[in-house]
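This is coords.csv (CSV, C-alpha atoms and all ligand atoms).
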```
chain,number,residue,atom,x,y,z
A,401,MET,CA,0.0,0.0,0.0
A,402,LEU,CA,2.8,2.3,0.9
A,403,SER,CA,4.7,1.7,-2.3
A,404,ARG,CA,1.6,2.3,-4.4
A,405,SER,CA,1.0,5.7,-2.9
A,406,LEU,CA,4.6,6.7,-3.3
A,407,ARG,CA,4.8,5.4,-6.8
A,408,SER,CA,1.8,7.4,-7.9
A,409,ARG,CA,3.4,10.5,-6.4
A,410,ILE,CA,6.6,10.0,-8.2
A,411,LEU,CA,4.8,9.4,-11.5
A,412,VAL,CA,2.6,12.5,-11.0
A,413,THR,CA,5.7,14.6,-10.6
A,414,ALA,CA,7.1,13.2,-13.8
A,415,THR,CA,4.4,15.1,-15.7
A,416,ALA,CA,5.6,18.4,-14.2
A,417,VAL,CA,9.1,18.1,-15.6
A,418,ALA,CA,9.4,21.3,-17.5
A,419,ALA,CA,8.6,23.5,-14.5
A,420,LEU,CA,11.1,22.1,-12.2
A,421,GLY,CA,14.4,21.7,-14.1
A,422,LEU,CA,15.9,19.2,-11.7
A,423,ALA,CA,17.2,16.9,-14.5
A,424,ALA,CA,20.2,19.2,-15.0
A,425,CYS,CA,22.8,16.6,-14.3
A,426,SER,CA,20.9,13.6,-15.6
A,427,SER,CA,23.2,12.1,-18.2
A,428,GLY,CA,22.2,8.6,-17.7
A,429,GLY,CA,19.4,8.2,-20.0
A,430,GLY,CA,16.8,9.8,-22.1
A,431,THR,CA,17.9,13.4,-21.6
A,432,THR,CA,21.3,12.9,-23.2
A,433,PRO,CA,21.2,10.5,-26.1
A,434,GLY,CA,24.4,8.5,-26.4
A,435,SER,CA,25.5,9.2,-22.9
A,436,SER,CA,27.6,6.8,-20.8
A,437,GLY,CA,26.0,3.5,-20.2
A,438,THR,CA,25.8,0.1,-21.6
A,439,ALA,CA,22.8,0.3,-23.9
A,440,GLY,CA,22.6,3.8,-25.2
A,441,GLY,CA,20.5,5.2,-22.3
A,442,GLY,CA,16.8,5.9,-22.7
A,443,GLY,CA,15.4,3.4,-20.3
A,444,GLY,CA,11.9,4.2,-21.5
A,445,GLY,CA,12.6,2.5,-24.8
A,446,GLY,CA,13.4,-0.8,-23.1
A,447,ASP,CA,17.2,-0.4,-23.0
A,448,THR,CA,19.0,-1.5,-19.9
A,449,ILE,CA,19.8,1.1,-17.2
A,450,THR,CA,23.0,0.4,-15.3
A,451,VAL,CA,22.8,1.2,-11.6
A,452,GLY,CA,25.6,1.0,-9.1
A,453,PHE,CA,24.1,0.5,-5.6
A,454,SER,CA,26.3,0.8,-2.5
A,455,GLN,CA,24.6,-0.8,0.5
A,456,VAL,CA,25.5,0.0,4.1
A,457,GLY,CA,26.1,-3.6,5.1
A,458,ALA,CA,24.2,-6.6,6.5
A,459,GLU,CA,23.9,-5.4,10.1
A,460,SER,CA,20.2,-6.0,10.7
A,461,GLY,CA,16.9,-7.6,9.7
A,462,TRP,CA,15.9,-4.3,8.3
A,463,ARG,CA,18.9,-4.2,6.1
A,464,ALA,CA,18.3,-7.7,4.8
A,465,ALA,CA,14.8,-6.8,3.8
A,466,ASN,CA,16.0,-3.6,2.2
A,467,THR,CA,18.6,-5.4,0.1
A,468,LYS,CA,16.1,-8.0,-1.0
A,469,SER,CA,13.7,-5.3,-2.0
A,470,ILE,CA,16.3,-3.5,-4.1
A,471,GLN,CA,17.6,-6.6,-5.7
A,472,GLU,CA,14.1,-7.9,-6.6
A,473,SER,CA,13.1,-4.5,-8.1
A,474,LEU,CA,16.2,-3.6,-10.1
A,475,THR,CA,16.1,-6.7,-12.2
A,476,LYS,CA,17.0,-7.5,-15.8
A,477,GLU,CA,13.3,-8.1,-16.6
A,478,ASN,CA,12.6,-4.7,-15.2
A,479,GLY,CA,15.2,-3.1,-17.5
A,480,PHE,CA,18.1,-2.8,-15.0
A,481,ASP,CA,21.6,-4.0,-14.8
A,482,LEU,CA,22.3,-3.7,-11.0
A,483,LYS,CA,25.8,-3.6,-9.7
A,484,PHE,CA,25.5,-4.2,-5.9
A,485,SER,CA,28.1,-3.9,-3.2
A,486,ASP,CA,28.0,-4.3,0.6
A,487,ALA,CA,30.2,-1.8,2.5
A,488,GLN,CA,30.2,-3.7,5.8
A,489,GLN,CA,29.3,-0.5,7.6
A,490,LYS,CA,32.5,1.3,6.5
A,491,GLN,CA,32.4,4.7,4.8
A,492,GLU,CA,35.7,4.1,3.1
A,493,ASN,CA,34.3,1.0,1.4
A,494,GLN,CA,31.3,3.0,0.2
A,495,ILE,CA,33.5,5.8,-1.2
A,496,GLN,CA,35.6,3.1,-3.0
A,497,ALA,CA,32.4,1.5,-4.4
A,498,ILE,CA,31.1,4.8,-5.7
A,499,ARG,CA,34.5,5.7,-7.3
A,500,SER,CA,34.4,2.3,-9.0
A,501,TYR,CA,30.9,2.9,-10.3
A,502,ILE,CA,32.0,6.3,-11.7
A,503,ALA,CA,35.0,4.6,-13.4
A,504,GLN,CA,32.7,2.0,-14.9
A,505,GLY,CA,30.4,4.7,-16.3
A,506,VAL,CA,27.2,3.5,-14.8
A,507,ASP,CA,24.0,5.4,-15.7
A,508,TYR,CA,22.9,6.0,-12.0
A,509,ILE,CA,24.4,5.7,-8.6
A,510,ALA,CA,22.2,5.0,-5.6
A,511,PHE,CA,23.4,4.5,-2.1
A,512,SER,CA,22.4,4.4,1.5
A,513,PRO,CA,25.1,6.4,3.3
A,514,VAL,CA,26.5,4.8,6.5
A,515,VAL,CA,27.1,8.2,8.1
A,516,GLU,CA,25.9,11.7,7.3
A,517,THR,CA,29.2,13.6,6.7
A,518,GLY,CA,32.2,13.2,4.5
A,519,TRP,CA,30.5,12.8,1.1
A,520,ASP,CA,31.2,16.1,-0.7
A,521,ALA,CA,34.3,15.1,-2.6
A,522,VAL,CA,33.1,11.8,-4.0
A,523,LEU,CA,29.7,13.1,-4.9
A,524,GLU,CA,31.4,16.0,-6.7
A,525,GLU,CA,33.3,13.4,-8.7
A,526,ALA,CA,30.0,11.8,-9.6
A,527,LYS,CA,28.5,15.1,-10.6
A,528,GLN,CA,31.6,15.9,-12.8
A,529,ALA,CA,31.1,12.6,-14.5
A,530,ASN,CA,27.4,13.5,-15.1
A,531,ILE,CA,26.1,10.5,-13.1
A,532,PRO,CA,23.0,11.3,-11.1
A,533,VAL,CA,23.0,10.1,-7.5
A,534,ILE,CA,20.0,9.0,-5.5
A,535,LEU,CA,20.0,8.6,-1.8
A,536,THR,CA,18.0,5.8,-0.3
A,537,ASP,CA,17.1,5.3,3.3
A,538,ARG,CA,19.7,7.6,5.0
A,539,ALA,CA,20.6,11.3,4.4
A,540,VAL,CA,23.9,13.0,3.8
A,541,ASP,CA,25.0,16.4,5.1
A,542,VAL,CA,26.6,18.1,2.2
A,543,ALA,CA,27.1,21.8,1.4
A,544,ASP,CA,25.8,21.5,-2.2
A,545,GLU,CA,22.4,20.0,-2.5
A,546,THR,CA,22.7,19.5,-6.2
A,547,LEU,CA,25.1,16.7,-5.5
A,548,TYR,CA,22.1,14.3,-5.4
A,549,GLN,CA,18.7,14.2,-7.2
A,550,THR,CA,16.5,13.0,-4.4
A,551,PHE,CA,16.4,11.3,-1.0
A,552,ILE,CA,13.8,8.6,-0.4
A,553,GLY,CA,13.4,7.2,3.1
A,554,SER,CA,11.6,7.5,6.5
A,555,ASP,CA,11.5,10.5,8.7
A,556,PHE,CA,13.7,9.3,11.5
A,557,VAL,CA,13.1,12.3,13.8
A,558,GLU,CA,9.4,11.5,13.7
A,559,GLU,CA,10.1,7.9,14.5
A,560,GLY,CA,12.0,8.9,17.6
A,561,ARG,CA,9.3,11.4,18.5
A,562,ARG,CA,6.6,8.7,18.3
A,563,ILE,CA,8.6,6.4,20.6
A,564,GLY,CA,9.1,9.3,23.0
A,565,GLN,CA,5.4,10.1,23.0
A,566,TRP,CA,4.5,6.6,23.7
A,567,VAL,CA,7.0,6.2,26.5
A,568,SER,CA,6.0,9.5,28.0
A,569,GLU,CA,2.3,8.7,28.0
A,570,ASN,CA,2.3,5.1,28.9
A,571,LEU,CA,5.3,4.7,31.2
A,572,GLY,CA,6.3,8.2,32.2
A,573,THR,CA,3.3,8.6,34.5
A,574,GLU,CA,5.9,7.8,37.3
A,575,PRO,CA,9.6,8.4,37.4
A,576,ILE,CA,11.5,6.0,35.0
A,577,ASN,CA,15.1,5.4,34.2
A,578,VAL,CA,15.6,4.9,30.5
A,579,VAL,CA,18.7,3.5,28.8
A,580,GLU,CA,19.3,4.2,25.1
A,581,LEU,CA,20.9,1.8,22.6
A,582,GLN,CA,22.0,4.1,19.8
A,583,GLY,CA,22.5,3.2,16.2
A,584,THR,CA,25.7,3.6,14.3
A,585,THR,CA,27.5,6.8,15.5
A,586,GLY,CA,27.2,9.6,13.0
A,587,SER,CA,24.4,7.9,11.0
A,588,ALA,CA,21.2,9.8,10.2
A,589,PRO,CA,18.9,7.4,11.9
A,590,ALA,CA,21.0,7.4,15.1
A,591,ILE,CA,21.2,11.2,15.2
A,592,ASP,CA,17.6,11.7,14.3
A,593,ARG,CA,16.0,9.0,16.5
A,594,LYS,CA,17.9,10.4,19.5
A,595,ALA,CA,16.8,13.9,18.8
A,596,GLY,CA,13.1,13.0,18.2
A,597,PHE,CA,12.9,11.1,21.5
A,598,GLU,CA,14.6,13.9,23.4
A,599,GLU,CA,12.1,16.4,21.9
A,600,ALA,CA,9.1,14.3,22.8
A,601,THR,CA,10.1,13.6,26.4
A,602,LYS,CA,11.8,16.9,27.4
A,603,ASP,CA,8.7,18.3,29.1
A,604,ASN,CA,8.1,15.1,31.2
A,605,PRO,CA,10.4,15.3,34.2
A,606,ASN,CA,9.6,11.6,35.0
A,607,VAL,CA,11.5,10.4,31.9
A,608,LYS,CA,15.2,10.3,32.6
A,609,VAL,CA,17.8,8.9,30.2
A,610,VAL,CA,20.5,7.5,32.5
A,611,ALA,CA,22.8,5.9,29.9
A,612,SER,CA,23.1,6.1,26.1
A,613,GLN,CA,25.6,4.2,24.0
A,614,THR,CA,26.0,2.9,20.5
A,615,GLY,CA,25.3,-0.8,19.7
A,616,ASP,CA,26.0,-0.2,16.0
A,617,PHE,CA,22.5,-1.4,14.9
A,618,THR,CA,23.5,-5.0,15.5
A,619,ARG,CA,22.1,-7.7,17.8
A,620,ASP,CA,25.4,-8.5,19.2
A,621,GLY,CA,26.2,-4.8,19.8
A,622,GLY,CA,22.8,-4.4,21.6
A,623,LYS,CA,23.5,-7.4,23.8
A,624,LYS,CA,27.0,-6.3,24.8
A,625,VAL,CA,26.0,-2.7,25.6
A,626,MET,CA,23.0,-3.9,27.5
A,627,GLU,CA,25.2,-6.2,29.6
A,628,GLY,CA,27.3,-3.2,30.6
A,629,PHE,CA,24.2,-1.1,31.3
A,630,LEU,CA,22.8,-3.8,33.6
A,631,GLN,CA,26.0,-4.0,35.5
A,632,SER,CA,26.4,-0.2,36.1
A,633,ASN,CA,22.7,0.7,36.5
A,634,PRO,CA,20.8,-1.3,39.1
A,635,ASP,CA,17.5,0.4,38.4
A,636,ILE,CA,16.6,0.3,34.7
A,637,ASP,CA,13.0,0.6,33.8
A,638,VAL,CA,13.0,1.1,30.0
A,639,VAL,CA,15.3,0.3,27.1
A,640,TYR,CA,14.9,2.5,24.0
A,641,ALA,CA,16.7,0.7,21.2
A,642,HIS,CA,17.1,2.6,17.9
A,643,ASN,CA,16.4,-0.7,16.0
A,644,ASP,CA,14.8,-4.1,16.6
A,645,ASP,CA,18.0,-6.0,16.4
A,646,MET,CA,19.6,-4.1,19.3
A,647,GLY,CA,16.4,-4.6,21.2
A,648,LEU,CA,16.6,-8.3,20.6
A,649,GLY,CA,20.2,-8.3,21.8
A,650,ALA,CA,19.0,-6.5,24.9
A,651,ILE,CA,16.4,-9.1,25.5
A,652,GLU,CA,19.1,-11.8,25.7
A,653,ALA,CA,21.2,-9.7,28.1
A,654,ILE,CA,18.1,-9.0,30.3
A,655,GLU,CA,17.1,-12.7,30.4
A,656,ALA,CA,20.7,-13.7,31.2
A,657,ALA,CA,20.6,-11.3,34.2
A,658,GLY,CA,17.5,-13.2,35.5
A,659,LYS,CA,14.9,-10.5,34.6
A,660,LYS,CA,11.9,-10.5,32.4
A,661,PRO,CA,12.0,-8.4,29.3
A,662,GLY,CA,8.8,-6.5,28.6
A,663,GLU,CA,7.8,-6.7,32.3
A,664,ASP,CA,10.7,-6.0,34.7
A,665,ILE,CA,12.3,-3.9,32.0
A,666,LYS,CA,10.1,-2.5,29.2
A,667,ILE,CA,11.6,-2.3,25.7
A,668,VAL,CA,10.7,0.0,22.8
A,669,THR,CA,12.3,-0.2,19.4
A,670,ILE,CA,12.1,1.0,15.8
A,671,ASP,CA,11.9,-1.1,12.5
A,672,GLY,CA,9.1,-3.7,12.8
A,673,VAL,CA,10.9,-6.6,11.2
A,674,LYS,CA,9.7,-10.1,11.7
A,675,ASP,CA,11.8,-11.0,14.7
A,676,GLY,CA,11.0,-7.7,16.4
A,677,MET,CA,7.3,-8.1,15.8
A,678,THR,CA,7.4,-11.7,17.1
A,679,ALA,CA,9.1,-10.6,20.3
A,680,LEU,CA,6.4,-7.8,20.6
A,681,ALA,CA,3.6,-10.3,20.1
A,682,GLU,CA,5.2,-12.5,22.8
A,683,GLY,CA,5.3,-9.7,25.3
A,684,LYS,CA,9.1,-9.2,25.4
A,685,ILE,CA,9.0,-5.9,23.6
A,686,ASN,CA,6.3,-3.3,24.5
A,687,TYR,CA,6.1,-1.0,21.5
A,688,ILE,CA,7.6,-0.7,18.0
A,689,VAL,CA,7.5,2.2,15.5
A,690,GLU,CA,7.8,0.9,12.0
A,691,CYS,CA,10.5,1.8,9.5
A,692,ASN,CA,9.6,0.5,6.0
A,693,PRO,CA,12.6,-1.1,4.3
A,694,LEU,CA,10.8,-1.9,1.0
A,695,LEU,CA,12.3,0.9,-1.0
A,696,GLY,CA,13.1,-1.1,-4.1
A,697,PRO,CA,10.0,-0.5,-6.2
A,698,ASP,CA,10.1,3.2,-5.5
A,699,LEU,CA,13.8,3.4,-6.3
A,700,ALA,CA,13.1,1.7,-9.6
A,701,ASP,CA,10.3,4.2,-10.4
A,702,ILE,CA,12.5,7.2,-9.5
A,703,ILE,CA,15.3,6.0,-11.8
A,704,LYS,CA,12.9,5.3,-14.7
A,705,THR,CA,11.3,8.7,-14.2
A,706,LEU,CA,14.6,10.5,-14.3
A,707,ASP,CA,15.7,8.4,-17.2
A,708,SER,CA,12.8,9.4,-19.3
A,709,GLY,CA,13.6,13.0,-18.7
A,710,GLY,CA,11.3,13.5,-15.8
A,711,THR,CA,12.0,14.9,-12.4
A,712,VAL,CA,11.1,13.7,-8.9
A,713,GLU,CA,10.6,15.5,-5.5
A,714,ARG,CA,13.8,16.3,-3.6
A,715,ARG,CA,12.6,14.4,-0.6
A,716,ILE,CA,10.3,11.5,-0.7
A,717,VAL,CA,9.1,10.4,2.8
A,718,THR,CA,7.9,6.9,3.3
A,719,GLU,CA,5.0,6.4,5.7
A,720,ASP,CA,5.5,4.2,8.8
A,721,GLY,CA,3.0,2.5,11.2
A,722,ALA,CA,3.4,1.7,14.9
A,723,PHE,CA,2.4,-1.4,16.9
A,724,ASP,CA,1.6,-2.3,20.4
A,725,GLN,CA,1.5,-6.0,21.5
A,726,GLU,CA,-2.0,-6.7,20.4
A,727,GLN,CA,-1.5,-5.0,17.1
A,728,ALA,CA,1.6,-7.0,16.5
A,729,LYS,CA,-0.3,-10.2,16.9
A,730,GLU,CA,-2.8,-9.1,14.3
A,731,ALA,CA,-0.2,-7.8,11.9
A,732,LEU,CA,2.3,-10.7,12.1
A,733,PRO,CA,0.6,-13.2,9.7
A,734,ASP,CA,0.6,-10.8,6.8
A,735,ARG,CA,4.1,-9.3,7.4
A,736,GLN,CA,6.3,-9.5,4.3
A,737,TYR,CA,9.6,-9.2,6.1
B,1,LIG,O1,16.5,1.1,11.3
B,1,LIG,C1,18.4,-0.3,11.1
B,1,LIG,C2,19.5,-0.4,10.0
B,1,LIG,O2,19.0,3.1,8.1
B,1,LIG,C3,16.7,2.9,8.7
B,1,LIG,O3,19.6,0.9,9.5
B,1,LIG,C4,18.0,2.2,8.6
B,1,LIG,C5,18.4,1.6,9.8
B,1,LIG,C6,17.5,0.6,10.4
B,1,LIG,O4,20.6,-1.0,10.4
B,1,LIG,O5,17.9,-1.6,11.5
```
Please rewrite the model in this file as structure tokens.
Amino acid sequence: MLSRSLRSRILVTATAVAALGLAACSSGGGTTPGSSGTAGGGGGGGDTITVGFSQVGAESGWRAANTKSIQESLTKENGFDLKFSDAQQKQENQIQAIRSYIAQGVDYIAFSPVVETGWDAVLEEAKQANIPVILTDRAVDVADETLYQTFIGSDFVEEGRRIGQWVSENLGTEPINVVELQGTTGSAPAIDRKAGFEEATKDNPNVKVVASQTGDFTRDGGKKVMEGFLQSNPDIDVVYAHNDDMGLGAIEAIEAAGKKPGEDIKIVTIDGVKDGMTALAEGKINYIVECNPLLGPDLADIIKTLDSGGTVERRIVTEDGAFDQEQAKEALPDRQY
């Protein structure tokens, strides 16, 4: 349902091409006949569009679902030649991958930036080579916004805000000690989810964050950091994990310490992947704000739109749901990821 509404929005904007003039650096296809690429550009005519995609890594269930969605959407049958690389959560690997896509003369580059800063130089190189760049999932912090065409992904501040509101209203009716498991340091979702939570809880003096540390969005990281938190903080009421996987790691640490996750220590997380939703339905997590990883169909539409000379909105925000334990039980059977 989400993808359909987004797709229609992308296609609508394609009709408004002339007014917006965003296609300025689109060399990859229809706008510049005979431009770089494998099949003469012009994806609309059935030629192949070559896309280099640099993925963050394989750190979480969310990421696995996101990778699958992209690989299943940018297929040969759908008119794409996808070059995919996994950066193992390292910015230097992503920069290297992007440089190699530039050297290969791909038609488009798409990537999910592991951290926000440090992209100006390599994106300038892509611009000089006339290769349009599309950001998926995570944002970059660059001085020149023309270095990318569009950014598609969730509103991470809003996700953190929704968690904060829920905690404040449902648990913050009495004093609570919260520990925070942050995502990858310097990444857009870690920065924004922290900020959103802070904003939503700042007026409730009952909600106190007593410790906050990165678990790098992994299950193992969440477990290790939670073990440390449990040792140094005897009185933890709530875990706020920036993703399901770290929350699942925290569950292991809490159980190993002889406590009941979801009861003795409440847990709230973001993502809504199958394992997280299962733990929510089982009562081990208390609330999840969804972050939709199925960006592949929209990425394919964005590229086809640009390739046929159209333009897309600068920022395309995906819509996310939220689940309590009862809602998770209902939603689980139909969950795609
Ligand atoms: O929440 C987390 C993943 O950038 C939205 O990255 C993504 C986040 C997601 O590792 O599980």
Surrounding residues of range 680-695 of chain A excluding itself and chain neighbours under 5 positions, 7 Å, all atoms listed in the file, as a ChimeraX atom specification: /A:462,465-466,469-470,554,559,563,661-662,666-672,720-726,728-729
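Each of A:Val639, A:Ile509, A:Ala521, A:Met646 was checked against ligand LIG 1 (chain B) using all atoms listed in the file; the smallest atom-to-atom distance is that of A:Met646.
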Closest-contact table, range 498-589 of chain A side, partner range 475-484 of chain A, 12 Å, counting only C-alpha atoms, as a Markdown table:
```
| residue | atom | partner | partner_atom | distance |
| --- | --- | --- | --- | --- |
| A:Ile498 | CA | A:Phe484 | CA | 10.6 |
| A:Ser500 | CA | A:Lys483 | CA | 10.5 |
| A:Tyr501 | CA | A:Lys483 | CA | 8.3 |
| A:Ile502 | CA | A:Lys483 | CA | 11.9 |
| A:Gln504 | CA | A:Lys483 | CA | 10.3 |
| A:Gly505 | CA | A:Lys483 | CA | 11.6 |
| A:Val506 | CA | A:Lys483 | CA | 8.9 |
| A:Asp507 | CA | A:Asp481 | CA | 9.7 |
| A:Tyr508 | CA | A:Leu482 | CA | 9.8 |
| A:Ile509 | CA | A:Lys483 | CA | 9.5 |
| A:Ala510 | CA | A:Phe484 | CA | 9.8 |
| A:Phe511 | CA | A:Phe484 | CA | 9.7 |
| A:Ser512 | CA | A:Phe484 | CA | 11.8 |
```
For Val638 in chain A, find every residue with an atom within 12 Å (counting all atoms listed in the file), except residues of its own chain fewer than 6 positions away, and show them as a CSV table (one decimal) with C-alpha atoms, keeping the file's coordinate frame.
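Result file out-v6.csv:
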```csv
chain,number,residue,atom,x,y,z
A,563,ILE,CA,8.6,6.4,20.6
A,564,GLY,CA,9.1,9.3,23.0
A,566,TRP,CA,4.5,6.6,23.7
A,567,VAL,CA,7.0,6.2,26.5
A,568,SER,CA,6.0,9.5,28.0
A,570,ASN,CA,2.3,5.1,28.9
A,571,LEU,CA,5.3,4.7,31.2
A,572,GLY,CA,6.3,8.2,32.2
A,575,PRO,CA,9.6,8.4,37.4
A,576,ILE,CA,11.5,6.0,35.0
A,577,ASN,CA,15.1,5.4,34.2
A,578,VAL,CA,15.6,4.9,30.5
A,579,VAL,CA,18.7,3.5,28.8
A,580,GLU,CA,19.3,4.2,25.1
A,581,LEU,CA,20.9,1.8,22.6
A,607,VAL,CA,11.5,10.4,31.9
A,608,LYS,CA,15.2,10.3,32.6
A,609,VAL,CA,17.8,8.9,30.2
A,610,VAL,CA,20.5,7.5,32.5
A,611,ALA,CA,22.8,5.9,29.9
A,612,SER,CA,23.1,6.1,26.1
A,626,MET,CA,23.0,-3.9,27.5
A,629,PHE,CA,24.2,-1.1,31.3
A,630,LEU,CA,22.8,-3.8,33.6
A,647,GLY,CA,16.4,-4.6,21.2
A,650,ALA,CA,19.0,-6.5,24.9
A,651,ILE,CA,16.4,-9.1,25.5
A,654,ILE,CA,18.1,-9.0,30.3
A,660,LYS,CA,11.9,-10.5,32.4
A,661,PRO,CA,12.0,-8.4,29.3
A,662,GLY,CA,8.8,-6.5,28.6
A,663,GLU,CA,7.8,-6.7,32.3
A,664,ASP,CA,10.7,-6.0,34.7
A,665,ILE,CA,12.3,-3.9,32.0
A,666,LYS,CA,10.1,-2.5,29.2
A,667,ILE,CA,11.6,-2.3,25.7
A,668,VAL,CA,10.7,0.0,22.8
A,669,THR,CA,12.3,-0.2,19.4
A,684,LYS,CA,9.1,-9.2,25.4
A,685,ILE,CA,9.0,-5.9,23.6
A,686,ASN,CA,6.3,-3.3,24.5
A,687,TYR,CA,6.1,-1.0,21.5
```
Counting all atoms listed in the file, find residues at most 7 Å from (13.4, 13.5, -0.9) (file frame) and give them as JSON, numbers by chain. {"A": [550, 551, 552, 713, 714, 715, 716, 717]}
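Listed by chain and then residue number, the contacts of ligand LIG 1 (chain B) are A:Glu459, A:Ser460, A:Gly461, A:Trp462, A:Arg463, A:Asp537, A:Arg538, A:Pro589, A:Phe617, A:His642, A:Asn643, A:Asp644, A:Asp645, A:Ile670, A:Asp671, A:Cys691 (distance at most 7 Å, using only C-alpha atoms and all ligand atoms).
Distance-wise, CA of Thr546 in chain A and CA of Pro697 in chain A end up 23.7 Å apart.
From CA of Thr678 in chain A back to CA of Phe556 in chain A, the distance works out to 22.6 Å.
The coordinates place CA of Arg593 in chain A at 24.4 Å from CA of Gln549 in chain A.
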